[in-house]
Amino acid sequence: MSSSIEWKVAAERDLMNLGSRPRLFVRGEGSHLWDDEGTRYLDFLGGIAVNCLGHAHPVFVEAVSRQAATLAHVSNLYTSEPQLALAARLKRLAGTGEQGRVFLANSGSEANESAIKLARLHGNPRGAQTILCLEGAFHGRTTGALSLTPKAAYQDPFAPLLPGAKAIPVTIEALEAAFAEGGVAAIVIEPIQGEAGVRELPERFLARARELATAHDALLILDEVQTGSGRTGRWFAFQHTDVVPDAVTFAKGVAAGFPLGGLITFGAASELFSPGTHNSTFGGNPLASHVADAVLGFIESEDLLANVTARGDQLRAAVAEYPIVSGTRGAGLLIGVTLEEPVAPQVAAAALERGLIVNAPAADVIRLAPAYTIGDAEIDEFLNLFREALAAVAQTQEIPA
């Protein structure tokens, strides 16, 4: 495209999966991106928690190249070595023991669709068809996952949705009342609700959900599409607690930008799927599986989870010093920066104008999800740009800088 006008016109004319950010990115390296005009940006959103190794990391590039030149796809009628290696690694990292199993898909939404079908298989024999979710949850845009994403702007145009889906408030009382009504097949929970503003669920809530699910023969399914693969400083966010789920979904960072998602089951839930019960043509093909296995292997060998924890703490402490910042949320390198005023969209826009990529999942929250590989140089650059963006908004909004 020879001009910014041309690509914007082409994007509006030809694309339906169109974002609202007015930039055309053409290259990435490490934690930086470049647009078509040669402007450099510091990426602290990472494709919404996907690019865990940044852009064009040598491990990612080498894994894609090697496997593409070896074997890319054979369908799930057959097995490939990368699938076996990845499944074994995921089971070990999740701590499932021998009984655990892995279903490989292409995305987070597809992973959660798999979880919904798992819940149906578990509940249908006894007539339990209610699948509980939480207010503020985001589980995806496909029809089943959307049914568990109780946001009117997302759901209303596509009603009616999946019967049996029920959203409840994030309180112990609501949780107990929902199970007391009976007929619950499963409850699906994000340990940290990203769409709701990087909001952590109390451990006591997760623990009570575990107790009630067990008592009522329902599944506890954790959606770790955003929090899994090391984003919070543990391989999965539930590992910060004593809660063990029946199933956990993952996607986003697992292959550092290559499309892959899936479902890991624990204990008896591992016996619900049998060959042919559920499948995905592209899900976990040799190419995607090898890239994910290489990415997770690199994170392990380089002990990047320690960097995730340390750099997350460093970032939270630094941004908390700004007068407009009222606090921080999240864990590891999934950080919600809460603001005194509902100006987060303006701050994200001002940051973009200064070469910093962040987003605003709520009116008063900025979300940060940088690469696990960031160091002091990237953090210093972020703090300078973020301070400038906050100051710019403060000038126009008459709020603390």
# chains A, B, ... in the order shown; residues from 1 in each chain; ligands from 1
>>> closest_atom_pairs(of="range 317-337 of chain A", to="range 180-198 of chain A", cutoff="8 Å", atoms="only C-alpha atoms", output="tab-separated table")
residue	atom	partner	partner_atom	distance
A:Arg329	CA	A:Val198	CA	6.1
A:Gly330	CA	A:Val198	CA	5.7
A:Leu334	CA	A:Val198	CA	7.5
A:Ile335	CA	A:Val198	CA	6.7
A:Gly336	CA	A:Val198	CA	5.1
>>> write_last_selection(atoms="C-alpha atoms", output="short mmCIF file (atom, residue, chain, number, x, y, z; two decimals), in the first residue's frame")
data_model
loop_
_atom_site.label_atom_id
_atom_site.label_comp_id
_atom_site.auth_asym_id
_atom_site.auth_seq_id
_atom_site.Cartn_x
_atom_site.Cartn_y
_atom_site.Cartn_z
CA ARG A 329 -4.23 -5.89 39.81
CA GLY A 330 -3.24 -9.24 38.37
CA LEU A 334 -0.69 -9.73 33.44
CA ILE A 335 -1.16 -6.34 35.05
CA GLY A 336 -4.18 -4.11 35.41
#
>>> residues_around(residues="range 310-316 of chain A", least_positions_apart="4", cutoff="9 Å", atoms="only C-alpha atoms", output="ChimeraX atom specification")
/A:232-233,305-306,320,327-329,331-337,372,374-376,379,383
>>> closest_residue(among="A:Thr142, A:Thr130, A:Asn112, A:Thr70", to="Ile221 in chain A", atoms="only C-alpha atoms")
A:Asn112
>>> atom_distance(atom1="CA of Ala115 in chain A", atom2="CA of Gly47 in chain A")
23.8 Å
>>> closest_atom_pairs(of="range 347-377 of chain A", to="range 27-45 of chain A", cutoff="6 Å", atoms="only C-alpha atoms", output="Markdown table")
| residue | atom | partner | partner_atom | distance |
| --- | --- | --- | --- | --- |
| A:Gly355 | CA | A:Tyr41 | CA | 4.3 |
| A:Leu356 | CA | A:Leu42 | CA | 4.9 |
| A:Ile357 | CA | A:Asp43 | CA | 4.9 |
| A:Val358 | CA | A:Leu45 | CA | 5.0 |
| A:Leu368 | CA | A:Leu45 | CA | 5.3 |
| A:Ala369 | CA | A:Leu45 | CA | 4.6 |
| A:Pro370 | CA | A:Phe44 | CA | 4.2 |
>>> select_by_dssp(residues="range 149-330 of chain A", states="strand (DSSP E)", output="count of residues only")
34
>>> closest_residue(among="A:Leu53, A:Ala119, A:Ala207, A:Leu175", to="Phe273 in chain A", atoms="only C-alpha atoms")
A:Ala119
